[in-house]
Every structure is written in C-alpha cells, then in structure tokens.
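Below you'll find the structure, written out as structure tokens, and then a few comments.
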Amino acid sequence: MNINVISIFPEILEASFKGLTGKAIEKNIAKLKLIDLKEFSNNDYGSIDDAPYGGGEGMVIGVEPLEKSLKNIKKPGHVICLTPQGKVFNQSKAVDLSKFKDITFVCGRYEGIDQRFIDNYVDEEISIGDYVLSGGEIAASVVIDAILRNLEDVIGNQDSVNKDSHSEGKLKGHVYTRPSDYKGKKVPEILLSGDHKKVNEWKLANSLWVTREKRPDLFEQLQLSEKEMILLRHYGDYLTKKHE
Ligand code: SAM
C-alpha cells in the first residue's frame with residue numbers, strides 16, 4: 001500500500017510512525033511518503049495560506065499549493081481530506097480503506113482548506129470525532145494506524161485483529177494476565193480451567209455483556225443467535241455480581 005500525506009507539518013507524522021506502523025513500513029507492507037506543503041507555495045513569500053474571503057478569523061490554505069502538491073504525487077489514488085466536517089471514522093471504514101493500493105491524506109490547519117480543492121480533488125472527507133483539533137496530522141495518524149492493522153502480516157496474529165473491539169460490531173471484553181489472585185481479586189475461574197470450549201463461550205458471553213454495559217447503542221444493533229442469548233443469560237448473572 002502506498003500512503004501519501006500532504007501537510008504543513010509533516011514532522012508531526014514522522015514522530016507517530018514508530019511501533020506497529022513503523023514495522024509495516026520497515027517490512028515494506030506499506031510505503032509512506034510525507035509531502036511538505038510549504039514547498040509548494042505559489043508566491044515569493046513562500047506562504048500557502050491567506051485570509052478568508054468574506055472576513056472572519058484565521059487563515060485558509062489555498063487551492064493552488066494544494067493542487068501543486070497533489071499533482072507532484074505520481075499515483076495519489078484515493079484522496080481523503082481530514083476535517084471535522086467529514087463522516088465520522090470507524091472500524092469498518094478502516095477495513096474498507098485498507099483495500100486501496102494508493103491513498104493520499106490531506107491535512108488541514110488554521111480555518112481549513114479552500115473548498116475548491118475539496119470539490120475538485122477530494123474523494124472523501126473524514127472526521128475522527130465530533131471535536132476540533134488544531135490540525136489534520138493527528139487525525140491522519142489515527143486513520144493510518146487503524147488502516148495498517150488490517151493489512152496482512154502487520155499484526156503477527158490476524159485472528160486477534162478479527163476479534164478486536166468493533167470488528168464484529170461488539171467490544172472485545174475483559175482480559176487478564178498474571179497474577180491469578182491480585183489482593184483477593186481473582187481471575188474468572190473458567191479462564192484457568194484449560195477447557196477451550198468453555199473458555200471461548202465465556203469470552204463470547206463476556207464480550208456481549210461488556211458491549212451491553214458500555215455501549216448499549218452497539219448492543220442494540222446486534223442480532224444475537226439463540227446460542228449467544230443463552231450464553232449471555234448463563235454468564236450474565238455472574239458478570240453482573242462481580243461488578244456490583
Ligand atoms: N474551522 C474548521 C471548522 O470549524 O470546521 C476547523 C479547522 S481545524 C482548527 C484545522 C484542521 O484540523 C482541519 O482543517 C482538519 O484538517 C483538522 N481537524 C480538526 N478537527 C478534526 C477532526 N475532528 N477530524 C479530522 N480532522 C480534523
């Protein structure tokens with residue numbers, strides 16, 4: 001996958017591509033190209049922004065530098081603009097975007113970017129949530145990280161990605177590690193039993209229970225099978241008592 005990011009502050013992105021995303025890049029599963037928008041100014045002052053028409057606060061990033069920077073990319077592919085006015089990002093969008101071979105992110109700053117660039121070149125506008133950040137770089141990092149997790153061989157165990165929260169519309173649920181007894185708080189016995197069938201049933205019931213407790217909006221959307229309803233009833237009381 002080839003990922004391009006156009007930004008006034010590409011160094012912000014550099015810092016975030018360590019760890020898992022860094023590994024994807026090292027392994028050549030993804031290639032990341034950071035494009036410094038400041039190099040595409042179309043005036044003698046080297047600026048890429050200007051005051052908004054009609055007045056108002058802040059500056060607007062101009063259409064010409066953005067166009068120049070985009071045209072400088074060999075294969076921009078699917079062009080995404082990060083903006084609080086976009087459709088809110090989620091796991092299923094991350095999976096969809098992971099299928100593109102070439103993808104370009106455009107990060108805004110200040111008051112945003114000239115609408116004519118969006119109209120002419122942007123395929124989709126994405127927001128990472130209903131709040132306003134100072135720039136699109138952190139939003140692009142979030143989206144790219146979530147995309148890369150879905151590429152083959154980025155995470156050692158692909159099965160774990162498929163079982164993550166939101167991959168099947170529910171939350172993953174509780175996880176535990178040693179010690180099995182922490183100041184009297186014990187790990188659920190079934191997890192220590194070695195009975196894989198029971199362990200998997202408990203994990204499924206726990207995932208459904210946690211989804212119902214924390215995200216009733218997601219739980220409402222689930223179409224539970226008869227087996228899932230029985231498991232939730234069976235373990236539900238136990239889980240509720242543990243948390244009272
Ligand atoms: N004045 C704009 C508005 O009210 O819609 C907000 C501009 S914001 C200060 C500057 C830039 O940060 C935006 O152009 C966008 O690239 C990025 N940004 C801010 N919030 C974001 C969000 N929730 N999701 C994605 N990008 C965001």
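Quick note on naming: the chains in the structure tokens go A, B, ... in the order shown, residues restart at 1 in each chain, and ligands are numbered from 1 in order of appearance.
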
Self-check item: Non-local contacts of region 211-220 of chain A (12 Å; only C-alpha atoms; under 5 positions in same chain excluded) as a list in words
Solution: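 Listed by chain and then number, they are Ser165, His166, Ser167, Glu168, Gly169, Lys170, Leu171, Lys172, Gly173, His174, Leu204, Ala205, Asn206, Leu232, Gly236, Leu239, Thr240 and His243 of chain A.
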
Within 10 Å of region 15-30 of chain A, which residues of region 142-182 of chain A come that close, and what is the closest atom pair and distance in Å for each? Count only C-alpha atoms and give it as a tab-separated table.
residue	atom	partner	partner_atom	distance
A:Val142	CA	A:Ser16	CA	9.2
A:Ile144	CA	A:Thr21	CA	8.1
A:Asp145	CA	A:Thr21	CA	6.1
A:Ala146	CA	A:Thr21	CA	9.3
A:Ile147	CA	A:Thr21	CA	9.6
A:Leu148	CA	A:Thr21	CA	6.6
A:Arg149	CA	A:Leu20	CA	8.0
A:Leu151	CA	A:Ile29	CA	7.7
A:Glu152	CA	A:Ile29	CA	8.2
A:Asp153	CA	A:Ile29	CA	7.9
A:Val154	CA	A:Ala24	CA	5.5
A:Ile155	CA	A:Leu20	CA	7.7

Would you export the selected residues with all heavy atoms as a short mmCIF file (atom, residue, chain, number, x, y, z; two decimals), in the first residue's frame, please?
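After the write, out_9.cif holds the following:
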data_model
loop_
_atom_site.label_atom_id
_atom_site.label_comp_id
_atom_site.auth_asym_id
_atom_site.auth_seq_id
_atom_site.Cartn_x
_atom_site.Cartn_y
_atom_site.Cartn_z
N VAL A 142 -4.10 8.70 13.19
CA VAL A 142 -5.12 7.79 13.74
C VAL A 142 -5.68 6.90 12.63
O VAL A 142 -5.73 5.67 12.75
CB VAL A 142 -6.27 8.60 14.41
CG1 VAL A 142 -7.46 7.73 14.72
CG2 VAL A 142 -5.77 9.30 15.67
N ILE A 144 -4.44 6.24 9.62
CA ILE A 144 -3.41 5.37 9.01
C ILE A 144 -3.11 4.19 9.92
O ILE A 144 -3.01 3.05 9.48
CB ILE A 144 -2.14 6.18 8.67
CG1 ILE A 144 -2.45 7.19 7.57
CG2 ILE A 144 -1.00 5.25 8.23
CD1 ILE A 144 -1.36 8.24 7.34
N ASP A 145 -2.97 4.44 11.22
CA ASP A 145 -2.70 3.35 12.17
C ASP A 145 -3.81 2.30 12.09
O ASP A 145 -3.55 1.09 11.99
CB ASP A 145 -2.58 3.93 13.59
CG ASP A 145 -2.10 2.90 14.59
OD1 ASP A 145 -2.74 1.83 14.72
OD2 ASP A 145 -1.09 3.14 15.26
N ALA A 146 -5.06 2.78 12.11
CA ALA A 146 -6.21 1.85 12.07
C ALA A 146 -6.25 1.08 10.75
O ALA A 146 -6.61 -0.11 10.74
CB ALA A 146 -7.51 2.62 12.29
N ILE A 147 -5.85 1.71 9.67
CA ILE A 147 -5.82 1.02 8.36
C ILE A 147 -4.75 -0.06 8.38
O ILE A 147 -4.99 -1.21 7.99
CB ILE A 147 -5.51 2.02 7.21
CG1 ILE A 147 -6.68 2.98 7.00
CG2 ILE A 147 -5.20 1.28 5.92
CD1 ILE A 147 -6.39 4.07 5.98
N LEU A 148 -3.55 0.31 8.82
CA LEU A 148 -2.40 -0.61 8.73
C LEU A 148 -2.63 -1.89 9.53
O LEU A 148 -2.17 -2.96 9.12
CB LEU A 148 -1.11 0.08 9.19
CG LEU A 148 -0.58 1.17 8.25
CD1 LEU A 148 0.70 1.77 8.79
CD2 LEU A 148 -0.35 0.64 6.84
N ARG A 149 -3.32 -1.81 10.64
CA ARG A 149 -3.60 -3.02 11.43
C ARG A 149 -4.34 -4.08 10.62
O ARG A 149 -4.30 -5.25 10.95
CB ARG A 149 -4.47 -2.66 12.66
CG ARG A 149 -3.75 -1.85 13.69
CD ARG A 149 -4.69 -1.50 14.83
NE ARG A 149 -5.17 -2.68 15.54
CZ ARG A 149 -4.47 -3.35 16.45
NH1 ARG A 149 -3.28 -2.92 16.79
NH2 ARG A 149 -4.96 -4.41 17.03
N LEU A 151 -3.85 -4.70 7.36
CA LEU A 151 -3.07 -5.26 6.26
C LEU A 151 -2.43 -6.56 6.71
O LEU A 151 -1.96 -6.67 7.84
CB LEU A 151 -1.98 -4.27 5.81
CG LEU A 151 -2.46 -2.94 5.23
CD1 LEU A 151 -1.27 -2.14 4.74
CD2 LEU A 151 -3.44 -3.15 4.09
N GLU A 152 -2.42 -7.52 5.79
CA GLU A 152 -1.86 -8.83 6.11
C GLU A 152 -0.41 -8.69 6.59
O GLU A 152 0.35 -7.89 6.01
CB GLU A 152 -1.91 -9.69 4.85
CG GLU A 152 -2.36 -11.09 5.15
CD GLU A 152 -2.43 -11.90 3.88
OE1 GLU A 152 -3.15 -11.46 2.97
OE2 GLU A 152 -1.74 -12.93 3.83
N ASP A 153 -0.06 -9.46 7.59
CA ASP A 153 1.31 -9.54 8.12
C ASP A 153 1.76 -8.33 8.94
O ASP A 153 2.92 -8.28 9.35
CB ASP A 153 2.34 -9.79 7.01
CG ASP A 153 2.14 -11.15 6.36
OD1 ASP A 153 1.59 -12.04 7.05
OD2 ASP A 153 2.49 -11.30 5.19
N VAL A 154 0.90 -7.36 9.17
CA VAL A 154 1.32 -6.23 10.02
C VAL A 154 1.24 -6.67 11.48
O VAL A 154 2.18 -6.49 12.25
CB VAL A 154 0.45 -4.98 9.76
CG1 VAL A 154 0.72 -3.91 10.80
CG2 VAL A 154 0.74 -4.44 8.37
N ILE A 155 0.10 -7.28 11.85
CA ILE A 155 -0.03 -7.83 13.20
C ILE A 155 0.28 -9.32 13.05
O ILE A 155 -0.25 -9.97 12.15
CB ILE A 155 -1.47 -7.68 13.70
CG1 ILE A 155 -1.89 -6.23 13.62
CG2 ILE A 155 -1.67 -8.29 15.07
CD1 ILE A 155 -1.99 -5.49 14.88
#

Residues of chain A at most 9 Å from ligand 1: nearest atom pair and distance in Å, only C-alpha atoms and all ligand atoms, as CSV:
residue,atom,partner,partner_atom_place_in_ligand_line,distance
A:Glu57,CA,ligand 1,1 (N),8.9
A:Gly58,CA,ligand 1,1 (N),8.3
A:Val60,CA,ligand 1,14 (O),8.8
A:Ile61,CA,ligand 1,14 (O),8.7
A:Cys81,CA,ligand 1,16 (O),6.9
A:Leu82,CA,ligand 1,26 (N),4.1
A:Thr83,CA,ligand 1,26 (N),3.7
A:Pro84,CA,ligand 1,22 (C),3.8
A:Gln85,CA,ligand 1,5 (O),5.6
A:Gly86,CA,ligand 1,24 (N),7.2
A:Lys87,CA,ligand 1,24 (N),9.0
A:Val88,CA,ligand 1,24 (N),7.8
A:Phe89,CA,ligand 1,24 (N),8.5
A:Val106,CA,ligand 1,16 (O),7.3
A:Cys107,CA,ligand 1,16 (O),4.5
A:Gly108,CA,ligand 1,16 (O),3.2
A:Arg109,CA,ligand 1,10 (C),3.8
A:Tyr110,CA,ligand 1,10 (C),4.8
A:Glu111,CA,ligand 1,1 (N),4.0
A:Gly112,CA,ligand 1,14 (O),3.6
A:Ile113,CA,ligand 1,14 (O),6.0
A:Glu125,CA,ligand 1,25 (C),8.5
A:Ile126,CA,ligand 1,25 (C),6.1
A:Ser127,CA,ligand 1,24 (N),3.4
A:Ile128,CA,ligand 1,24 (N),4.2
A:Gly129,CA,ligand 1,23 (N),4.6
A:Asp130,CA,ligand 1,23 (N),5.5
A:Tyr131,CA,ligand 1,23 (N),4.9
A:Val132,CA,ligand 1,20 (N),3.6
A:Leu133,CA,ligand 1,19 (C),3.8
A:Ser134,CA,ligand 1,9 (C),4.3
A:Gly135,CA,ligand 1,12 (O),3.2
A:Gly136,CA,ligand 1,16 (O),3.5
A:Glu137,CA,ligand 1,16 (O),7.3
A:Ile138,CA,ligand 1,26 (N),7.8
A:Ala139,CA,ligand 1,25 (C),5.0
A:Ala140,CA,ligand 1,25 (C),7.4

Quiz prompt | Residues of region 2-180 of chain A in strand (DSSP E or B), written as a PyMOL selection string | solution = chain A and resi 2-7+31-36+49-50+60-61+78-88+102-107+109+113+124-127+135

How about saving the chosen residues, C-alpha atoms kept, as a compact mmCIF listing (two decimals), in the first residue's frame?
# COMPACT_ATOMS: atom_id res chain seq x y z
CA ASN A 2 1.33 3.47 -0.88
CA ILE A 3 0.31 6.18 1.56
CA ASN A 4 0.93 9.87 0.86
CA VAL A 5 0.28 12.61 3.36
CA ILE A 6 0.19 16.29 2.44
CA SER A 7 0.78 18.51 5.44
CA LYS A 31 5.23 2.87 1.90
CA LEU A 32 4.75 6.24 3.49
CA LYS A 33 5.53 9.50 1.70
CA LEU A 34 5.26 12.74 3.64
CA ILE A 35 4.82 15.82 1.49
CA ASP A 36 5.64 19.21 2.94
CA ASP A 49 -2.41 30.32 3.22
CA ASP A 50 -4.33 33.57 3.00
CA VAL A 60 -7.33 29.38 4.82
CA ILE A 61 -4.93 27.05 2.99
CA HIS A 78 -8.00 7.71 -3.27
CA VAL A 79 -7.79 11.26 -1.87
CA ILE A 80 -9.03 11.86 1.67
CA CYS A 81 -9.32 15.21 3.41
CA LEU A 82 -9.23 15.15 7.23
CA THR A 83 -11.85 17.56 8.53
CA PRO A 84 -14.27 17.82 11.45
CA GLN A 85 -16.95 18.27 8.75
CA GLY A 86 -16.36 14.76 7.36
CA LYS A 87 -18.09 11.46 8.01
CA VAL A 88 -17.01 10.04 11.37
CA ASP A 102 -2.68 4.14 -3.32
CA ILE A 103 -4.15 6.60 -0.87
CA THR A 104 -3.46 10.27 -0.15
CA PHE A 105 -4.36 12.18 3.00
CA VAL A 106 -4.65 15.96 3.03
CA CYS A 107 -4.23 17.60 6.43
CA ARG A 109 -4.67 23.67 9.56
CA ILE A 113 -8.65 24.38 3.22
CA GLU A 124 -13.97 11.66 0.68
CA GLU A 125 -13.89 13.77 3.84
CA ILE A 126 -13.18 12.01 7.14
CA SER A 127 -13.51 13.23 10.71
CA GLY A 135 -4.56 20.21 12.51

Self-check item: Every residue of region 6-221 of chain A that DSSP places in helix (DSSP H, G or I), as a PyMOL selection string
Solution: chain A and resi 10-16+19-26+37-40+63-71+91-97+115-121+136-148+158-162+189-192+196-214+216-221

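Taking only C-alpha atoms, the non-local environment of Val187 (chain A) within 12 Å (same-chain residues fewer than 3 positions away omitted) comprises His174, Val175, Tyr176, Thr177, Arg178, Pro179, Ser180, Asp181, Tyr182, Lys183, Gly184, Ile190, Leu191, Leu192, Ser193, Leu239 and Lys242 of chain A.
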
What does the file look like for those residues with N, CA, C and O atoms, as a short mmCIF file (atom, residue, chain, number, x, y, z; two decimals), in the first residue's frame?
data_model
loop_
_atom_site.label_atom_id
_atom_site.label_comp_id
_atom_site.auth_asym_id
_atom_site.auth_seq_id
_atom_site.Cartn_x
_atom_site.Cartn_y
_atom_site.Cartn_z
N HIS A 174 -13.30 -8.23 28.69
CA HIS A 174 -12.22 -8.17 29.69
C HIS A 174 -11.08 -9.10 29.36
O HIS A 174 -11.31 -10.21 28.87
N VAL A 175 -9.85 -8.67 29.65
CA VAL A 175 -8.69 -9.55 29.51
C VAL A 175 -7.89 -9.51 30.82
O VAL A 175 -7.94 -8.51 31.55
N TYR A 176 -7.20 -10.59 31.11
CA TYR A 176 -6.44 -10.71 32.37
C TYR A 176 -5.07 -11.32 32.11
O TYR A 176 -4.89 -12.06 31.15
N THR A 177 -4.12 -11.03 32.99
CA THR A 177 -2.84 -11.74 32.99
C THR A 177 -2.42 -12.01 34.43
O THR A 177 -3.16 -11.69 35.36
N ARG A 178 -1.24 -12.63 34.63
CA ARG A 178 -0.78 -12.95 35.98
C ARG A 178 -0.69 -11.69 36.86
O ARG A 178 -0.42 -10.63 36.31
N PRO A 179 -0.88 -11.76 38.15
CA PRO A 179 -1.18 -12.95 38.94
C PRO A 179 -2.66 -13.33 38.86
O PRO A 179 -3.51 -12.47 38.60
N SER A 180 -2.97 -14.59 39.14
CA SER A 180 -4.38 -15.03 39.07
C SER A 180 -5.17 -14.51 40.26
O SER A 180 -6.39 -14.42 40.22
N ASP A 181 -4.44 -14.17 41.33
CA ASP A 181 -5.11 -13.59 42.50
C ASP A 181 -4.38 -12.29 42.86
O ASP A 181 -3.21 -12.31 43.26
N TYR A 182 -5.05 -11.18 42.67
CA TYR A 182 -4.44 -9.88 42.97
C TYR A 182 -5.20 -9.26 44.15
O TYR A 182 -6.35 -8.83 43.99
N LYS A 183 -4.57 -9.31 45.32
CA LYS A 183 -5.17 -8.76 46.54
C LYS A 183 -6.60 -9.24 46.73
O LYS A 183 -7.52 -8.45 46.99
N GLY A 184 -6.79 -10.54 46.49
CA GLY A 184 -8.12 -11.14 46.68
C GLY A 184 -9.02 -11.05 45.45
O GLY A 184 -10.07 -11.68 45.42
N ILE A 190 -13.01 -19.97 34.97
CA ILE A 190 -13.09 -20.66 33.67
C ILE A 190 -11.84 -20.40 32.84
O ILE A 190 -11.35 -21.29 32.13
N LEU A 191 -11.28 -19.19 32.94
CA LEU A 191 -10.11 -18.85 32.14
C LEU A 191 -8.88 -19.67 32.55
O LEU A 191 -7.92 -19.78 31.81
N LEU A 192 -8.92 -20.23 33.76
CA LEU A 192 -7.79 -21.04 34.24
C LEU A 192 -8.05 -22.53 34.06
O LEU A 192 -7.21 -23.37 34.37
N SER A 193 -9.26 -22.87 33.55
CA SER A 193 -9.68 -24.28 33.55
C SER A 193 -8.99 -25.12 32.48
O SER A 193 -8.93 -26.34 32.61
N LEU A 239 -21.39 -12.18 35.83
CA LEU A 239 -20.64 -10.97 35.48
C LEU A 239 -21.22 -9.76 36.21
O LEU A 239 -20.50 -8.90 36.69
N LYS A 242 -20.16 -9.77 39.87
CA LYS A 242 -18.74 -9.43 40.00
C LYS A 242 -18.53 -7.92 40.01
O LYS A 242 -17.55 -7.41 40.51
#

Quiz item: CA of Lys71 (chain A) and CA of Val122 (chain A), how far apart in Å?
Solution: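 The value is 12.8 Å.
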
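Minimum distance to Ser141 (chain A) across A:Leu37, A:Ile8, A:Asn200, A:Glu14 (counting only C-alpha atoms) occurs at A:Glu14.
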
Quiz item: Interatomic distance between CA of Leu208 (chain A) and CA of Ser225 (chain A)?
Solution: 11.6 Å
